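Text of the file final12.txt, holding compact mmCIF, C-alpha atoms and all ligand atoms:
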```
# COMPACT_ATOMS: atom_id res chain seq x y z
CA MET I 1150 10.79 -41.33 9.63
CA THR I 1151 8.15 -43.03 11.79
CA ASP I 1152 5.08 -41.68 13.49
CA SER I 1153 6.14 -42.85 16.96
CA PRO I 1154 7.91 -40.54 19.43
CA PRO I 1155 11.61 -41.16 20.21
CA GLU I 1156 11.83 -43.76 22.97
CA ASP I 1157 13.89 -41.63 25.33
CA LYS I 1158 11.34 -38.81 25.53
CA PRO I 1159 7.79 -38.81 26.85
CA ALA I 1160 5.27 -38.52 24.01
CA ALA I 1161 4.11 -35.07 25.14
CA GLU I 1162 7.59 -33.64 24.57
CA ALA I 1163 8.46 -35.49 21.40
CA ASP I 1164 8.50 -32.39 19.20
CA ALA I 1165 8.48 -29.72 21.87
CA ASN I 1166 11.76 -28.16 20.78
CA ARG I 1167 10.66 -27.81 17.16
CA PRO I 1168 9.36 -24.37 16.14
CA TYR I 1169 5.58 -24.24 15.78
CA SER I 1170 3.72 -21.40 14.09
CA PRO I 1171 -0.08 -21.36 14.55
CA GLY I 1172 -1.79 -21.21 11.16
CA LEU I 1173 1.64 -21.94 9.60
CA GLU I 1174 2.12 -18.16 9.56
CA GLY I 1175 5.57 -17.31 8.25
CA VAL I 1176 6.34 -20.95 7.40
CA VAL I 1177 7.71 -21.58 3.92
CA ALA I 1178 5.72 -24.64 2.84
CA GLY I 1179 6.81 -25.00 -0.77
CA GLU I 1180 8.25 -23.40 -3.89
CA SER I 1181 6.25 -22.01 -6.79
CA SER I 1182 6.97 -20.19 -10.03
CA LEU I 1183 3.33 -19.17 -10.52
CA GLY I 1184 2.33 -16.11 -8.46
CA PHE I 1185 4.46 -13.58 -6.57
CA VAL I 1186 2.65 -11.52 -3.93
CA ASP I 1187 4.82 -8.54 -2.93
CA GLY I 1188 2.94 -6.76 -0.15
CA ALA I 1189 5.55 -4.08 0.55
CA GLN I 1190 5.75 -2.87 -3.04
CA GLY I 1191 2.11 -3.56 -3.89
CA ARG I 1192 3.06 -5.93 -6.69
CA LEU I 1193 1.38 -9.10 -7.92
CA LEU I 1194 3.16 -11.04 -10.67
CA TYR I 1195 2.00 -14.17 -12.51
CA ARG I 1196 5.07 -15.98 -13.86
CA GLY I 1197 6.89 -12.65 -13.62
CA TYR I 1198 4.31 -10.58 -15.53
CA ARG I 1199 2.65 -7.65 -13.74
CA ILE I 1200 -1.06 -8.10 -13.00
CA GLY I 1201 -1.84 -4.65 -14.42
CA ASP I 1202 -0.26 -5.56 -17.77
CA LEU I 1203 -2.05 -8.91 -17.85
CA VAL I 1204 -5.42 -7.24 -17.25
CA GLU I 1205 -4.70 -4.56 -19.84
CA ARG I 1206 -3.44 -6.85 -22.60
CA GLY I 1207 -4.76 -10.30 -21.74
CA THR I 1208 -7.90 -12.30 -21.21
CA TYR I 1209 -8.72 -14.89 -18.57
CA PRO I 1210 -8.14 -17.85 -20.95
CA GLY I 1211 -4.74 -16.37 -21.92
CA VAL I 1212 -3.79 -15.90 -18.27
CA ALA I 1213 -4.97 -19.39 -17.35
CA ASN I 1214 -2.89 -20.81 -20.19
CA LEU I 1215 0.12 -18.77 -18.95
CA LEU I 1216 -0.29 -20.24 -15.48
CA TRP I 1217 -0.65 -23.80 -16.82
CA THR I 1218 2.08 -23.77 -19.47
CA GLY I 1219 4.36 -20.77 -18.79
CA GLU I 1220 3.66 -19.58 -22.37
CA TRP I 1221 2.15 -16.16 -23.09
CA ASP I 1222 -0.39 -16.45 -25.91
CA PRO I 1223 -2.81 -13.51 -25.71
CA ASP I 1224 -5.01 -15.09 -28.38
CA HIS I 1225 -5.57 -18.28 -26.42
CA ARG I 1226 -9.28 -19.13 -26.26
CA LEU I 1227 -11.27 -21.28 -23.89
CA PRO I 1228 -15.05 -21.52 -24.37
CA THR I 1229 -17.18 -23.00 -21.61
CA ALA I 1230 -17.79 -26.76 -21.84
CA PRO I 1231 -21.05 -28.76 -21.87
CA ILE I 1232 -22.21 -30.37 -18.63
CA PRO I 1233 -22.07 -34.20 -18.64
CA PRO I 1234 -25.64 -35.59 -18.31
CA ALA I 1235 -24.87 -37.31 -14.98
CA VAL I 1236 -23.76 -33.98 -13.48
CA LEU I 1237 -26.89 -32.26 -14.73
CA THR I 1238 -28.97 -34.97 -13.05
CA VAL I 1239 -27.14 -34.23 -9.79
CA LEU I 1240 -27.66 -30.47 -10.15
CA ARG I 1241 -31.37 -30.99 -10.81
CA ALA I 1242 -31.65 -33.04 -7.63
CA LEU I 1243 -30.23 -30.31 -5.37
CA PRO I 1244 -32.70 -28.36 -3.21
CA ALA I 1245 -33.28 -24.81 -4.48
CA SER I 1246 -31.99 -23.59 -1.11
CA THR I 1247 -28.52 -25.08 -1.79
CA LYS I 1248 -25.72 -22.55 -1.32
CA PRO I 1249 -23.95 -21.84 -4.62
CA MET I 1250 -20.57 -22.89 -3.19
CA ASP I 1251 -22.05 -26.23 -2.14
CA ALA I 1252 -23.57 -26.65 -5.59
CA LEU I 1253 -20.26 -25.89 -7.31
CA ARG I 1254 -18.32 -28.21 -4.99
CA THR I 1255 -20.85 -30.99 -5.65
CA ALA I 1256 -20.78 -30.37 -9.41
CA VAL I 1257 -16.98 -30.60 -9.57
CA SER I 1258 -17.03 -33.77 -7.49
CA ALA I 1259 -19.71 -35.29 -9.75
CA TRP I 1260 -17.77 -34.17 -12.85
CA GLY I 1261 -14.82 -36.20 -11.55
CA THR I 1262 -16.93 -39.36 -11.68
CA THR I 1263 -17.60 -38.82 -15.40
CA GLN I 1264 -13.95 -38.32 -16.42
CA ASP I 1265 -10.87 -40.44 -16.85
CA LEU I 1266 -8.33 -38.52 -14.76
CA PRO I 1267 -5.17 -40.62 -14.55
CA TRP I 1268 -2.04 -39.51 -12.68
CA PRO I 1269 -0.20 -37.29 -13.39
CA PRO I 1270 -2.66 -34.43 -14.01
CA THR I 1271 -2.29 -32.71 -17.38
CA VAL I 1272 -2.93 -29.28 -18.89
CA GLU I 1273 -5.81 -30.91 -20.79
CA GLN I 1274 -7.41 -31.97 -17.51
CA ALA I 1275 -6.93 -28.43 -16.12
CA ARG I 1276 -8.50 -26.93 -19.22
CA ALA I 1277 -11.44 -29.36 -19.16
CA LEU I 1278 -12.26 -28.66 -15.52
CA THR I 1279 -11.82 -24.88 -15.78
CA SER I 1280 -14.16 -24.75 -18.78
CA PHE I 1281 -16.76 -27.04 -17.18
CA SER I 1282 -17.29 -25.19 -13.89
CA PRO I 1283 -18.78 -21.91 -15.25
CA SER I 1284 -21.43 -23.96 -17.10
CA ALA I 1285 -22.23 -25.82 -13.88
CA LEU I 1286 -22.60 -22.68 -11.77
CA ALA I 1287 -24.73 -20.99 -14.43
CA ALA I 1288 -26.93 -24.10 -14.72
CA PHE I 1289 -27.43 -24.24 -10.96
CA ALA I 1290 -28.35 -20.54 -10.83
CA ARG I 1291 -30.98 -21.08 -13.52
CA LEU I 1292 -32.35 -24.33 -12.10
CA ARG I 1293 -32.91 -22.79 -8.67
CA ALA I 1294 -34.86 -19.99 -10.37
CA GLY I 1295 -37.04 -22.55 -12.17
CA GLU I 1296 -35.31 -21.99 -15.54
CA GLU I 1297 -33.66 -24.50 -17.85
CA PRO I 1298 -29.85 -24.54 -18.24
CA ILE I 1299 -28.42 -23.09 -21.44
CA GLU I 1300 -25.95 -24.94 -23.67
CA PRO I 1301 -22.50 -23.31 -24.10
CA ASP I 1302 -21.96 -21.09 -27.14
CA PRO I 1303 -18.53 -22.15 -28.47
CA SER I 1304 -18.11 -18.79 -30.21
CA LEU I 1305 -17.90 -17.04 -26.83
CA ASP I 1306 -14.80 -17.05 -24.63
CA LEU I 1307 -15.08 -18.35 -21.07
CA VAL I 1308 -16.28 -15.28 -19.17
CA ALA I 1309 -18.71 -14.06 -21.84
CA GLY I 1310 -19.93 -17.66 -22.17
CA PHE I 1311 -20.55 -17.89 -18.43
CA LEU I 1312 -22.64 -14.69 -18.49
CA TYR I 1313 -24.56 -15.94 -21.53
CA GLN I 1314 -25.38 -19.25 -19.84
CA LEU I 1315 -26.42 -17.37 -16.71
CA THR I 1316 -28.68 -14.76 -18.29
CA GLY I 1317 -29.70 -16.23 -21.64
CA SER I 1318 -28.32 -13.37 -23.71
CA PRO I 1319 -24.75 -12.60 -24.77
CA PRO I 1320 -23.27 -9.83 -22.58
CA ASP I 1321 -22.18 -6.50 -24.06
CA PRO I 1322 -18.41 -6.41 -24.59
CA ALA I 1323 -17.74 -3.89 -21.78
CA THR I 1324 -19.57 -6.01 -19.21
CA ALA I 1325 -17.74 -9.15 -20.30
CA ARG I 1326 -14.45 -7.24 -20.19
CA ALA I 1327 -15.06 -6.02 -16.62
CA LEU I 1328 -15.84 -9.52 -15.37
CA ASP I 1329 -12.91 -10.95 -17.36
CA ALA I 1330 -10.63 -8.46 -15.54
CA TYR I 1331 -12.06 -9.67 -12.23
CA PHE I 1332 -11.36 -13.30 -13.27
CA ILE I 1333 -7.75 -12.38 -14.13
CA VAL I 1334 -7.06 -10.68 -10.78
CA GLY I 1335 -8.73 -13.59 -8.96
CA SER I 1336 -6.77 -16.31 -10.78
CA GLU I 1337 -3.86 -16.79 -8.43
CA HIS I 1338 -2.53 -15.54 -5.08
CA GLY I 1339 0.26 -17.77 -3.78
CA PHE I 1340 -0.15 -20.31 -0.98
CA ASN I 1341 -3.58 -19.23 0.25
CA ALA I 1342 -5.61 -21.85 2.16
CA SER I 1343 -7.58 -23.26 -0.79
CA THR I 1344 -4.53 -23.49 -3.05
CA PHE I 1345 -2.60 -25.22 -0.27
CA THR I 1346 -5.51 -27.66 0.10
CA ALA I 1347 -5.37 -28.45 -3.62
CA ARG I 1348 -1.64 -29.12 -3.33
CA VAL I 1349 -2.03 -31.36 -0.26
CA ILE I 1350 -4.65 -33.45 -2.08
CA THR I 1351 -2.50 -33.64 -5.21
CA SER I 1352 0.53 -34.67 -3.17
CA THR I 1353 -1.22 -37.97 -2.35
CA ARG I 1354 -1.47 -38.61 -6.12
CA SER I 1355 -5.21 -38.06 -5.96
CA ASP I 1356 -6.86 -36.56 -9.06
CA ILE I 1357 -7.48 -32.95 -10.18
CA ALA I 1358 -11.26 -33.10 -9.56
CA SER I 1359 -10.66 -34.16 -5.96
CA ALA I 1360 -8.07 -31.38 -5.52
CA VAL I 1361 -10.46 -28.68 -6.78
CA THR I 1362 -13.42 -30.13 -4.85
CA GLY I 1363 -11.33 -29.76 -1.67
CA ALA I 1364 -10.19 -26.28 -2.68
CA ILE I 1365 -13.80 -25.13 -3.13
CA GLY I 1366 -14.64 -26.53 0.30
CA THR I 1367 -11.78 -24.51 1.76
CA MET I 1368 -12.72 -21.34 -0.04
CA LYS I 1369 -16.27 -21.65 1.24
CA GLY I 1370 -15.17 -20.54 4.71
CA PRO I 1371 -15.84 -16.86 5.43
CA LEU I 1372 -12.23 -16.30 6.45
CA HIS I 1373 -11.15 -17.06 2.89
CA GLY I 1374 -13.85 -16.63 0.25
CA GLY I 1375 -14.83 -13.46 2.03
CA ALA I 1376 -17.82 -11.35 1.33
CA PRO I 1377 -17.41 -8.43 -1.05
CA SER I 1378 -21.13 -8.11 -0.33
CA GLU I 1379 -20.19 -6.05 2.74
CA VAL I 1380 -18.75 -3.46 0.36
CA VAL I 1381 -22.07 -3.54 -1.49
CA ASP I 1382 -23.91 -2.93 1.80
CA GLN I 1383 -21.74 0.08 2.63
CA LEU I 1384 -21.97 1.55 -0.85
CA SER I 1385 -25.73 1.23 -0.81
CA GLN I 1386 -25.83 2.98 2.57
CA VAL I 1387 -23.68 5.79 1.15
CA GLY I 1388 -26.17 5.98 -1.74
CA SER I 1389 -24.61 8.87 -3.64
CA VAL I 1390 -21.27 10.66 -3.77
CA ASP I 1391 -22.83 13.78 -2.17
CA HIS I 1392 -23.38 11.79 1.03
CA ALA I 1393 -20.01 10.04 0.97
CA GLU I 1394 -18.00 12.51 3.07
CA ALA I 1395 -20.57 12.72 5.89
CA TRP I 1396 -21.34 8.98 5.87
CA ILE I 1397 -17.67 7.97 5.99
CA ARG I 1398 -16.82 10.41 8.79
CA GLU I 1399 -19.77 9.24 10.87
CA ALA I 1400 -18.91 5.56 10.32
CA LEU I 1401 -15.29 6.10 11.35
CA ASP I 1402 -16.39 8.14 14.39
CA ARG I 1403 -18.53 5.17 15.42
CA GLY I 1404 -15.34 3.04 15.26
CA GLU I 1405 -16.44 1.15 12.15
CA ARG I 1406 -14.11 0.03 9.40
CA LEU I 1407 -14.52 0.93 5.78
CA MET I 1408 -14.94 -2.28 3.85
CA GLY I 1409 -12.56 -2.66 0.93
CA PHE I 1410 -9.72 -0.68 2.54
CA GLY I 1411 -6.62 -1.86 4.40
CA HIS I 1412 -4.84 -5.19 3.94
CA ARG I 1413 -2.74 -7.55 6.05
CA VAL I 1414 -0.10 -8.01 3.34
CA TYR I 1415 -0.36 -5.03 0.99
CA ARG I 1416 0.89 -1.76 2.47
CA ALA I 1417 0.76 -0.06 -0.92
CA TYR I 1418 -2.34 0.18 -3.13
CA ASP I 1419 -3.53 -3.39 -3.85
CA PRO I 1420 -2.42 -3.94 -7.47
CA ARG I 1421 -5.57 -5.98 -8.14
CA ALA I 1422 -7.76 -3.04 -7.12
CA ALA I 1423 -5.68 -0.72 -9.31
CA ALA I 1424 -6.13 -3.01 -12.32
CA LEU I 1425 -9.89 -3.30 -11.79
CA ARG I 1426 -10.21 0.46 -11.33
CA THR I 1427 -8.44 1.05 -14.64
CA VAL I 1428 -10.89 -1.24 -16.41
CA ALA I 1429 -13.80 0.41 -14.64
CA GLU I 1430 -12.66 3.89 -15.61
CA GLY I 1431 -12.23 2.82 -19.23
CA MET I 1432 -15.82 1.64 -19.56
CA GLU I 1433 -17.90 3.86 -21.77
CA HIS I 1434 -21.15 3.14 -19.97
CA LYS I 1435 -20.20 2.39 -16.40
CA PRO I 1436 -22.76 0.44 -14.42
CA GLU I 1437 -24.09 2.66 -11.62
CA TRP I 1438 -22.26 0.61 -9.01
CA LEU I 1439 -18.88 1.18 -10.57
CA GLN I 1440 -19.49 4.89 -11.00
CA LEU I 1441 -20.39 5.23 -7.33
CA ALA I 1442 -17.42 3.14 -6.20
CA ILE I 1443 -14.92 5.22 -8.18
CA GLN I 1444 -16.25 8.44 -6.67
CA VAL I 1445 -16.57 7.14 -3.10
CA GLU I 1446 -13.05 5.67 -3.19
CA ASP I 1447 -11.39 9.04 -3.64
CA VAL I 1448 -13.29 10.50 -0.68
CA ALA I 1449 -12.54 7.46 1.50
CA LEU I 1450 -8.80 7.49 0.70
CA ARG I 1451 -8.58 11.19 1.58
CA ILE I 1452 -10.34 10.73 4.92
CA LEU I 1453 -8.39 7.55 5.84
CA ALA I 1454 -5.08 9.33 5.12
CA GLU I 1455 -6.20 12.24 7.29
CA LYS I 1456 -7.24 9.96 10.20
CA HIS I 1457 -4.28 7.56 9.97
CA PRO I 1458 -1.34 9.66 8.75
CA ASP I 1459 1.20 7.03 9.88
CA ARG I 1460 -0.53 3.92 8.57
CA PRO I 1461 -1.10 3.47 4.85
CA LEU I 1462 -4.71 2.36 4.42
CA LYS I 1463 -5.28 1.83 0.73
CA THR I 1464 -7.97 0.27 -1.41
CA ASN I 1465 -8.04 -3.54 -1.50
CA VAL I 1466 -9.36 -5.87 -4.19
CA GLU I 1467 -12.72 -6.38 -2.48
CA PHE I 1468 -13.64 -2.74 -3.00
CA TYR I 1469 -13.69 -3.13 -6.78
CA ALA I 1470 -14.69 -6.79 -6.88
CA ALA I 1471 -18.04 -5.89 -5.36
CA PRO I 1472 -19.18 -3.23 -7.82
CA VAL I 1473 -17.84 -5.20 -10.80
CA LEU I 1474 -19.84 -8.26 -9.73
CA MET I 1475 -22.94 -6.17 -8.99
CA GLY I 1476 -22.42 -4.18 -12.17
CA VAL I 1477 -22.50 -7.27 -14.36
CA GLY I 1478 -25.74 -8.31 -12.68
CA LEU I 1479 -24.65 -11.20 -10.44
CA ALA I 1480 -26.74 -11.99 -7.36
CA PRO I 1481 -24.59 -11.33 -4.26
CA ASP I 1482 -24.87 -14.94 -3.10
CA LEU I 1483 -23.07 -15.98 -6.31
CA PHE I 1484 -19.99 -13.83 -5.50
CA PRO I 1485 -17.95 -16.48 -3.62
CA ALA I 1486 -18.67 -19.18 -6.23
CA THR I 1487 -17.73 -16.76 -9.02
CA PHE I 1488 -14.47 -16.06 -7.19
CA SER I 1489 -13.95 -19.85 -7.16
CA LEU I 1490 -14.47 -20.00 -10.93
CA ALA I 1491 -11.72 -17.40 -11.35
CA ARG I 1492 -9.39 -19.25 -8.97
CA HIS I 1493 -9.72 -22.49 -11.01
CA ALA I 1494 -6.77 -21.33 -13.15
CA GLY I 1495 -4.50 -20.95 -10.11
CA TRP I 1496 -5.70 -24.08 -8.33
CA THR I 1497 -5.21 -26.29 -11.38
CA ALA I 1498 -1.83 -24.69 -12.18
CA HIS I 1499 -0.71 -25.49 -8.63
CA VAL I 1500 -1.98 -29.05 -9.08
CA LEU I 1501 0.26 -29.38 -12.17
CA GLU I 1502 3.22 -27.77 -10.40
CA GLN I 1503 2.83 -29.99 -7.33
CA ALA I 1504 2.56 -33.14 -9.46
CA ALA I 1505 5.63 -32.22 -11.53
CA ASP I 1506 7.91 -32.34 -8.47
CA ASN I 1507 5.81 -34.25 -6.00
CA ARG I 1508 6.52 -35.07 -2.40
CA LEU I 1509 3.72 -36.18 -0.09
CA ILE I 1510 2.80 -33.22 2.15
CA ARG I 1511 2.82 -34.64 5.64
CA PRO I 1512 3.97 -32.21 8.36
CA ASN I 1513 4.56 -33.07 12.02
CA VAL I 1514 2.40 -32.18 14.97
CA ASN I 1515 3.34 -31.52 18.57
CA TYR I 1516 1.48 -34.06 20.66
CA VAL I 1517 0.11 -32.26 23.74
CA GLY I 1518 -2.26 -34.95 25.06
CA PRO I 1519 -1.83 -37.21 28.12
CA PRO I 1520 1.32 -39.33 28.39
CA GLU I 1521 1.09 -43.09 27.82
CA ARG I 1522 -1.27 -44.68 30.36
CA ASP I 1523 -3.38 -47.74 31.06
CA LEU I 1524 -7.07 -47.90 30.17
CA PRO I 1525 -9.29 -47.63 33.27
CA ALA I 1526 -10.05 -51.10 34.69
N1 LIG I 1601 -11.23 1.31 7.88
C1 LIG I 1601 -10.91 2.11 8.90
N2 LIG I 1601 -9.83 1.94 9.68
C2 LIG I 1601 -9.04 0.88 9.41
C3 LIG I 1601 -9.33 0.00 8.35
C4 LIG I 1601 -10.46 0.25 7.57
N3 LIG I 1601 -10.78 -0.55 6.54
N4 LIG I 1601 -8.38 -0.95 8.33
C5 LIG I 1601 -7.54 -0.69 9.33
N5 LIG I 1601 -7.94 0.40 9.99
C6 LIG I 1601 -7.29 1.02 11.12
C7 LIG I 1601 -7.60 0.26 12.40
O1 LIG I 1601 -8.77 0.77 13.00
C8 LIG I 1601 -6.38 0.51 13.22
O2 LIG I 1601 -6.47 1.80 13.78
P1 LIG I 1601 -5.90 2.12 15.27
O3 LIG I 1601 -4.43 1.82 15.18
O4 LIG I 1601 -6.24 3.56 15.46
O5 LIG I 1601 -6.63 1.18 16.16
C9 LIG I 1601 -5.25 0.53 12.19
O6 LIG I 1601 -5.86 0.90 10.95
C10 LIG I 1601 -4.56 -0.82 12.01
O7 LIG I 1601 -5.54 -1.86 11.89
P2 LIG I 1601 -5.18 -3.41 11.91
O8 LIG I 1601 -6.44 -4.20 12.22
O9 LIG I 1601 -3.99 -3.66 12.75
O10 LIG I 1601 -4.78 -3.66 10.42
P3 LIG I 1601 -4.56 -5.08 9.75
O11 LIG I 1601 -3.52 -4.91 8.72
O12 LIG I 1601 -4.34 -6.12 10.75
O13 LIG I 1601 -5.99 -5.36 9.10
C11 LIG I 1601 -7.71 -5.76 7.56
C12 LIG I 1601 -6.19 -5.70 7.78
C13 LIG I 1601 -7.96 -6.13 6.09
C14 LIG I 1601 -8.32 -6.86 8.45
C15 LIG I 1601 -8.33 -4.39 7.89
O14 LIG I 1601 -7.69 -3.39 7.15
C16 LIG I 1601 -9.83 -4.36 7.69
O15 LIG I 1601 -10.58 -4.75 8.58
N6 LIG I 1601 -10.32 -3.90 6.48
C17 LIG I 1601 -11.73 -3.87 6.21
C18 LIG I 1601 -12.24 -5.24 5.75
C19 LIG I 1601 -11.79 -5.57 4.33
O16 LIG I 1601 -11.82 -4.77 3.42
N7 LIG I 1601 -11.38 -6.85 4.14
C20 LIG I 1601 -10.96 -7.36 2.85
C21 LIG I 1601 -9.47 -7.60 2.81
S1 LIG I 1601 -8.93 -8.15 1.21
```

Show me the file's structure as C-alpha cells.
Amino acid sequence: MTDSPPEDKPAAEADANRPYSPGLEGVVAGESSLGFVDGAQGRLLYRGYRIGDLVERGTYPGVANLLWTGEWDPDHRLPTAPIPPAVLTVLRALPASTKPMDALRTAVSAWGTTQDLPWPPTVEQARALTSFSPSALAAFARLRAGEEPIEPDPSLDLVAGFLYQLTGSPPDPATARALDAYFIVGSEHGFNASTFTARVITSTRSDIASAVTGAIGTMKGPLHGGAPSEVVDQLSQVGSVDHAEAWIREALDRGERLMGFGHRVYRAYDPRAAALRTVAEGMEHKPEWLQLAIQVEDVALRILAEKHPDRPLKTNVEFYAAPVLMGVGLAPDLFPATFSLARHAGWTAHVLEQAADNRLIRPNVNYVGPPERDLPA
C-alpha cells in the first residue's frame, strides 16, 4: 500500500467511501487476552479472572505478574527499585512547581536512558520499569517538599514500599491493603487511550520506556486521567452523613451531577467500585474519608434510583478511588500520577502483547484539504 491517492480519484475523495468513526469509537483496533471490560454485565476480567476475586485473594505484584506472564502466583513479590543516579539528578533539577504527571513522565524517559532495552521487550524490562516508577514519584514528592528521597526497603512489597518512600514510615497493613486494592483495579482496562498509545509506540519497535513515557503523556489529559478530586470536593461539601440527603437533593435540583456515579460503559455497578468498597468495609479502622463515602453512597444510590427510575445510575470507580487515596494520605495532586503507577502493569503487559505479534499500527486518514493545485506565483 502507498500513501498516494488512487490516480483516478481526486485526493479529497480518496478514502471518502471508507467508514470513519470520530475518536475511533466502535472500531476494533486489535486483539488482546489481557482485560475484558463487560459494561452490560458489570464485569471486569483480567486474563479471565474476576476483578473482585483478584482484589480479595491477590496483590498488585501478583496481578501484574498475571498480566505479564498469564500465570497466577499469588505469592509473587515485587519490591520498589532504587532510582539510577542520573534520574535522581534530573528529578532534583525539576522546579518544585512541576506537575507530578510531568515529573513521572520525565523520570520514566530519563530511566530509559540509563537502561539497555533491546527489542523485543521482556517481562524483566516490564518488572524493572514497574518497580522503578513508584520510587521516582515518591522521590519527586519529597524533593518538592524540601525533603530527601528515601531508599527502597526490599522487605516491603511494591505498594507498601511506595508509601514508605513517600512518608518515611512503613504504612499500617490496612492502609497498604486499601491502596494495593486500588492499584489492582487500576491495572488494566482494555484499549483506553494511554494503553493504545503504548501499543502504537511499541508497534514501531521502539522501547518499553518510550511506550510508557507516551502513555503517561496521554493519561495526563483530563479526559483520561480524570480527577477523583471532584469526588473529594463533593464529599467535603456533604461533610457528614446527616447532611447527605439534603445536600444531594439540593445538588440534583440545581441540575448538578453527583461525581462518582454513572458510567458510559457500565450499566451495572462498576465492578471496580464494588471491589474497593469490599476492601473499605473490611478495614478495622476505616479512615474518615472511607467511612463517609460508604454512608453517602447508600443515600446517593437511593435518591438517583428515585429520580431516574428508567436509567441505572450506579457507583463508578472514581467514587471509591477518591476516599481510598485521601484515606492513605496522598495529596490530591498526586492522584493522577498514582493512577499511572497502577496502570504500569497493564501498559507494560500490552507492550509485551503487541511485540509478540507485532504489526506497525498505521491507519488511514480521509484527506479533506484542497485538491492538487499550483503554488501562487
Ligand atoms: N448524577 C446525576 N445525574 C446523572 C449522573 C450523575 N452522576 N450521571 C448521569 N445522570 C443523568 C443525566 O443527568 C441524564 O439525565 P436526563 O436524561 O434527565 O437528562 C441521564 O442520567 C443520562 O446522562 P448521560 O450524560 O447521557 O449519561 P452518560 O452515560 O453519557 O454519562 C458520565 C456518563 C460518566 C459522563 C455521567 O454519568 C457523569 O457525568 N457522571 C459524573 C462524573 C463521573 O463520576 N465521572 C467518572 C466516570 S468513571

Please give me, as an mmCIF file with C-alpha atoms, in the frame of the given file, the residues lying within 8 Å of ligand LIG 1601 (chain I) when counting all atoms listed in the file.
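Produced file part.cif, reproduced below:
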```
data_model
loop_
_atom_site.group_PDB
_atom_site.id
_atom_site.type_symbol
_atom_site.label_atom_id
_atom_site.label_comp_id
_atom_site.auth_asym_id
_atom_site.auth_seq_id
_atom_site.Cartn_x
_atom_site.Cartn_y
_atom_site.Cartn_z
ATOM 1 C CA GLY I 1375 -14.830 -13.460 2.030
ATOM 2 C CA PRO I 1377 -17.410 -8.430 -1.050
ATOM 3 C CA VAL I 1380 -18.750 -3.460 0.360
ATOM 4 C CA LEU I 1401 -15.290 6.100 11.350
ATOM 5 C CA GLY I 1404 -15.340 3.040 15.260
ATOM 6 C CA GLU I 1405 -16.440 1.150 12.150
ATOM 7 C CA ARG I 1406 -14.110 0.030 9.400
ATOM 8 C CA LEU I 1407 -14.520 0.930 5.780
ATOM 9 C CA MET I 1408 -14.940 -2.280 3.850
ATOM 10 C CA GLY I 1409 -12.560 -2.660 0.930
ATOM 11 C CA PHE I 1410 -9.720 -0.680 2.540
ATOM 12 C CA GLY I 1411 -6.620 -1.860 4.400
ATOM 13 C CA HIS I 1412 -4.840 -5.190 3.940
ATOM 14 C CA ARG I 1413 -2.740 -7.550 6.050
ATOM 15 C CA VAL I 1414 -0.100 -8.010 3.340
ATOM 16 C CA LEU I 1453 -8.390 7.550 5.840
ATOM 17 C CA HIS I 1457 -4.280 7.560 9.970
ATOM 18 C CA ARG I 1460 -0.530 3.920 8.570
ATOM 19 C CA LEU I 1462 -4.710 2.360 4.420
ATOM 20 C CA THR I 1464 -7.970 0.270 -1.410
ATOM 21 C CA ASN I 1465 -8.040 -3.540 -1.500
ATOM 22 C CA VAL I 1466 -9.360 -5.870 -4.190
ATOM 23 C CA GLU I 1467 -12.720 -6.380 -2.480
ATOM 24 C CA PHE I 1468 -13.640 -2.740 -3.000
#
```

I'd like a table as a tab-separated table: residues in range 1471-1524 of chain I with an atom no more than 12 Å from range 1264-1286 of chain I, each row giving the shortest atom pair and its distance in Å to one decimal, all atoms listed in the file counted, sorted by chain and rising residue number.
```
residue	atom	partner	partner_atom	distance
I:Leu1479	CA	I:Leu1286	CA	11.7
I:Asp1482	CA	I:Leu1286	CA	11.8
I:Leu1483	CA	I:Leu1286	CA	8.7
I:Phe1484	CA	I:Leu1286	CA	11.2
I:Pro1485	CA	I:Leu1286	CA	11.2
I:Ala1486	CA	I:Leu1286	CA	7.6
I:Thr1487	CA	I:Leu1286	CA	8.1
I:Phe1488	CA	I:Pro1283	CA	10.9
I:Ser1489	CA	I:Ser1282	CA	9.2
I:Leu1490	CA	I:Pro1283	CA	6.4
I:Ala1491	CA	I:Thr1279	CA	8.7
I:Arg1492	CA	I:Thr1279	CA	9.2
I:His1493	CA	I:Thr1279	CA	5.7
I:Ala1494	CA	I:Thr1279	CA	6.7
I:Gly1495	CA	I:Ala1275	CA	9.9
I:Trp1496	CA	I:Ala1275	CA	9.0
I:Thr1497	CA	I:Ala1275	CA	5.5
I:Ala1498	CA	I:Ala1275	CA	7.5
I:His1499	CA	I:Ala1275	CA	10.2
I:Val1500	CA	I:Pro1270	CA	7.3
I:Leu1501	CA	I:Pro1270	CA	6.1
I:Glu1502	CA	I:Pro1270	CA	9.6
I:Gln1503	CA	I:Pro1270	CA	9.7
I:Ala1504	CA	I:Pro1269	CA	6.3
I:Ala1505	CA	I:Pro1269	CA	7.9
I:Asp1506	CA	I:Pro1269	CA	10.7
I:Asn1507	CA	I:Pro1269	CA	10.0
```

Non-local contacts of range 1181-1194 of chain I (9 Å; all atoms listed in the file; under 3 positions in same chain excluded) as a PyMOL selection string: chain I and resi 1197-1201+1216-1217+1219+1337-1340+1412-1421+1495+1498-1499+1502-1503

Distance in Å - CA of Arg1226 in chain I versus CA of Pro1481 in chain I: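 Calculated distance between CA of Arg1226 in chain I and CA of Pro1481 in chain I is 27.9 Å.
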
Best match for closeness to Ser1378 in chain I among I:Met1475, I:Ala1245, I:Ala1252, I:Ala1323, counting all atoms listed in the file: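 For Ser1378 in chain I, the nearest of the given residues is I:Met1475.
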
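Atom pair CA of Arg1354 in chain I / CA of Val1257 in chain I has a distance of 17.8 Å (rounded to one decimal).
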
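A straight line drawn from CA of Glu1521 in chain I to CA of Leu1173 in chain I is 27.9 Å long.
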
Spatial neighbours of Ala1178 in chain I, max dist 10 Å, all atoms listed in the file, sep filter under 6 positions, as an MDAnalysis selection string: chainID I and resid 1340 1345 1510 1512

Cut-off 12 Å around (-19.1, -8.1, -25.4) with all atoms listed in the file: residues as number ranges by chain: I: 1304-1310, 1312-1313, 1318-1329, 1432, 1477

First collect every listed atom of range 1177-1186 of chain I; then fit an axis-aligned box around them, widen it by 3 Å on each side, and give centre and edge lengths in Å to one decimal, as AutoDock Vina command-line options.
```
--center_x 5.3 --center_y -18.3 --center_z -3.3 --size_x 11.9 --size_y 19.5 --size_z 20.4
```
